[in-house]
file data.txt (compact mmCIF, C-alpha atoms)
# COMPACT_ATOMS: atom_id res chain seq x y z
CA MET A 110 155.11 161.04 74.92
CA ALA A 111 155.85 160.72 71.21
CA VAL A 112 156.41 164.13 69.63
CA CYS A 113 157.75 162.98 66.27
CA ILE A 114 157.35 159.85 64.14
CA ALA A 115 159.43 159.25 61.02
CA VAL A 116 159.40 156.51 58.38
CA ILE A 117 162.77 156.03 56.73
CA ALA A 118 163.40 154.38 53.36
CA LYS A 119 165.92 151.56 53.10
CA GLU A 120 168.13 154.02 51.19
CA ASN A 121 168.33 156.06 54.43
CA TYR A 122 166.13 159.08 53.64
CA PRO A 123 162.83 160.04 55.26
CA LEU A 124 159.60 159.13 53.51
CA TYR A 125 157.43 160.65 56.22
CA ILE A 126 158.02 162.90 59.23
CA ARG A 127 155.25 164.09 61.54
CA SER A 128 155.78 166.17 64.65
CA VAL A 129 153.19 167.38 67.15
CA PRO A 130 154.52 170.84 68.06
CA THR A 131 154.60 172.17 64.50
CA GLN A 132 156.54 175.26 65.54
CA ASN A 133 159.56 172.98 66.14
CA GLU A 134 159.15 171.00 62.93
CA LEU A 135 162.51 172.06 61.47
CA LYS A 136 164.25 171.05 64.70
CA PHE A 137 162.68 167.58 64.50
CA HIS A 138 163.69 167.20 60.84
CA TYR A 139 167.28 167.96 61.83
CA THR A 140 167.10 165.50 64.75
CA VAL A 141 165.71 162.74 62.49
CA HIS A 142 168.44 163.32 59.89
CA THR A 143 171.13 163.30 62.59
CA SER A 144 169.71 160.07 64.01
CA LEU A 145 169.87 158.37 60.60
CA ASP A 146 173.66 158.33 60.84
CA VAL A 147 173.43 156.51 64.17
CA VAL A 148 170.89 154.03 62.75
CA GLU A 149 173.26 153.19 59.92
CA GLU A 150 176.18 152.75 62.33
CA LYS A 151 174.20 150.50 64.67
CA ILE A 152 172.83 148.34 61.86
CA SER A 153 176.25 147.83 60.31
CA ALA A 154 177.78 147.14 63.75
CA VAL A 155 175.22 144.42 64.46
CA GLY A 156 176.32 142.66 61.30
CA LYS A 157 175.17 139.36 59.92
CA ALA A 158 174.48 137.80 63.31
CA MET A 159 171.25 139.75 63.59
CA ALA A 160 170.36 139.53 59.89
CA ASP A 161 167.86 136.75 60.53
CA GLN A 162 165.83 138.74 63.03
CA ARG A 163 162.77 140.53 61.72
CA GLU A 164 162.90 143.34 64.28
CA LEU A 165 165.65 145.19 65.98
CA TYR A 166 165.37 147.65 68.85
CA LEU A 167 168.23 150.08 68.36
CA GLY A 168 167.76 151.83 71.69
CA LEU A 169 168.75 155.43 72.33
CA LEU A 170 170.02 157.02 69.13
CA TYR A 171 170.36 160.72 69.81
CA PRO A 172 169.72 162.51 73.11
CA THR A 173 169.06 166.26 73.10
CA GLU A 174 168.36 168.63 75.97
CA ASP A 175 164.61 168.30 75.48
CA TYR A 176 164.09 164.91 73.82
CA LYS A 177 165.51 161.43 73.43
CA VAL A 178 165.39 159.68 70.06
CA TYR A 179 164.92 155.91 70.01
CA GLY A 180 165.05 153.70 66.96
CA TYR A 181 163.48 150.52 65.67
CA VAL A 182 164.20 148.60 62.51
CA THR A 183 161.18 146.43 61.99
CA ASN A 184 159.23 144.26 59.60
CA SER A 185 156.66 143.02 62.09
CA LYS A 186 155.28 143.14 65.66
CA MET A 187 156.82 146.43 66.91
CA PHE A 188 154.72 149.33 65.73
CA ARG A 189 152.31 146.90 64.07
CA LYS A 190 149.75 149.66 63.41
CA LEU A 191 152.37 151.85 61.80
CA HIS A 192 153.69 148.97 59.74
CA ASN A 193 150.18 147.92 58.60
CA SER A 194 149.32 151.46 57.61
CA PHE A 195 152.65 151.79 55.79
CA THR A 196 151.88 148.55 53.94
CA ASP A 197 148.53 149.99 52.86
CA VAL A 198 150.36 153.02 51.43
CA MET A 199 152.84 150.78 49.57
CA CYS A 200 150.00 148.67 48.12
CA ASN A 201 148.26 151.73 46.71
CA PRO A 202 148.70 151.54 42.91
CA PHE A 203 148.97 155.33 42.74
CA TYR A 204 151.91 155.53 45.18
CA ASN A 205 155.39 155.55 43.66
CA PRO A 206 157.86 153.79 45.99
CA GLY A 207 160.44 156.26 47.25
CA ASP A 208 158.11 159.28 47.11
CA THR A 209 157.17 161.06 50.31
CA ILE A 210 154.05 159.69 51.97
CA GLN A 211 151.09 162.04 51.59
CA SER A 212 148.28 159.67 52.53
CA LYS A 213 145.58 161.21 54.74
CA ALA A 214 144.79 157.78 56.20
CA PHE A 215 148.44 157.20 57.15
CA ASP A 216 148.69 160.70 58.60
CA GLY A 217 145.53 160.14 60.63
CA MET A 218 146.83 156.83 62.01
CA VAL A 219 150.10 158.53 63.06
CA SER A 220 148.10 161.27 64.78
CA VAL A 221 146.16 158.65 66.72
CA MET A 222 149.41 156.91 67.73
CA MET A 223 150.88 160.17 68.96
CA VAL A 224 147.78 160.99 71.03
CA GLN A 225 147.77 157.48 72.56
CA ALA A 226 151.45 157.81 73.48
CA SER A 227 150.93 161.03 75.41

call {"tool": "encode", "arguments": {"input": "data.txt", "output": "structure tokens"}}
result
Amino acid sequence: MAVCIAVIAKENYPLYIRSVPTQNELKFHYTVHTSLDVVEEKISAVGKAMADQRELYLGLLYPTEDYKVYGYVTNSKMFRKLHNSFTDVMCNPFYNPGDTIQSKAFDGMVSVMMVQAS
């Protein structure tokens, strides 16, 4: 079951974080930020050998007592719906790249993904 979905900018900060149990939202923000360090380590460890691949499953990033955090670095295929919706946000002329994502359509698509994963 997916309880939190985050979209991270290439500069390593979150553009969007959505969690299902909203009472634990701060806990999930902390977990996402902690996992970003692991993402950066894994990407730099992979090096140039994997630079040609368009997607990269990073595996388990950060286990907690209650949850396990997995990571993907992707440009296509994996999370195609999420990527397509993210592309729609980026193509919006009123969106400033680097700002947090506040699109209702994107938020609705993430909600649907989280319900389907449970």

call {"tool": "closest_residue", "arguments": {"input": "data.txt", "among": "A:Leu165, A:Leu170, A:Val116, A:Met199", "to": "Thr140 (chain A)", "atoms": "all atoms listed in the file"}}
result
A:Leu170

call {"tool": "atom_distance", "arguments": {"input": "data.txt", "atom1": "CA of Ser153 (chain A)", "atom2": "CA of Tyr171 (chain A)"}}
result
17.1 Å

call {"tool": "residues_near_point", "arguments": {"input": "data.txt", "point": "(167.9, 154.8, 69.6)", "cutoff": "6 Å", "atoms": "only C-alpha atoms", "output": "number ranges by chain"}}
result
A: 167-170, 178-180

call {"tool": "closest_residue", "arguments": {"input": "data.txt", "among": "A:Tyr139, A:Tyr166, A:Phe215, A:Tyr204", "to": "Tyr125 (chain A)", "atoms": "all atoms listed in the file"}}
result
A:Phe215

call {"tool": "atom_distance", "arguments": {"input": "data.txt", "atom1": "CA of Arg189 (chain A)", "atom2": "CA of Gly217 (chain A)"}}
result
15.3 Å

call {"tool": "atom_distance", "arguments": {"input": "data.txt", "atom1": "CA of Val147 (chain A)", "atom2": "CA of Pro130 (chain A)"}}
result
24.0 Å

call {"tool": "residues_around", "arguments": {"input": "data.txt", "residues": "Lys190 (chain A)", "least_positions_apart": "6", "cutoff": "9 Å", "atoms": "all atoms listed in the file", "output": "MDAnalysis selection string"}}
result
chainID A and resid 218:219 222

call {"tool": "write_last_selection", "arguments": {"input": "data.txt", "atoms": "C-alpha atoms", "output": "CSV table (one decimal), in the frame of the given file"}}
result
chain,number,residue,atom,x,y,z
A,218,MET,CA,146.8,156.8,62.0
A,219,VAL,CA,150.1,158.5,63.1
A,222,MET,CA,149.4,156.9,67.7

call {"tool": "closest_residue", "arguments": {"input": "data.txt", "among": "A:His138, A:Glu174, A:Asp146, A:Ala214", "to": "Asn201 (chain A)", "atoms": "only C-alpha atoms"}}
result
A:Ala214

call {"tool": "closest_residue", "arguments": {"input": "data.txt", "among": "A:Asp175, A:Ile152, A:Leu191, A:Pro206", "to": "Asn133 (chain A)", "atoms": "all atoms listed in the file"}}
result
A:Asp175

call {"tool": "closest_residue", "arguments": {"input": "data.txt", "among": "A:Phe203, A:Tyr122, A:Phe188, A:Tyr181", "to": "Met223 (chain A)", "atoms": "all atoms listed in the file"}}
result
A:Phe188

call {"tool": "residues_around", "arguments": {"input": "data.txt", "residues": "Asp216 (chain A)", "least_positions_apart": "3", "cutoff": "10 Å", "atoms": "only C-alpha atoms", "output": "list in words"}}
result
Tyr125, Ile126, Arg127, Ser194, Ile210, Gln211, Ser212, Lys213, Val219, Ser220, Val221 and Met222 of chain A

call {"tool": "closest_residue", "arguments": {"input": "data.txt", "among": "A:Asn205, A:Val198, A:Phe137, A:Val148", "to": "Ala115 (chain A)", "atoms": "only C-alpha atoms"}}
result
A:Phe137

call {"tool": "residues_around", "arguments": {"input": "data.txt", "residues": "Leu145 (chain A)", "least_positions_apart": "4", "cutoff": "7 Å", "atoms": "all atoms listed in the file", "output": "ChimeraX atom specification"}}
result
/A:121,141,149
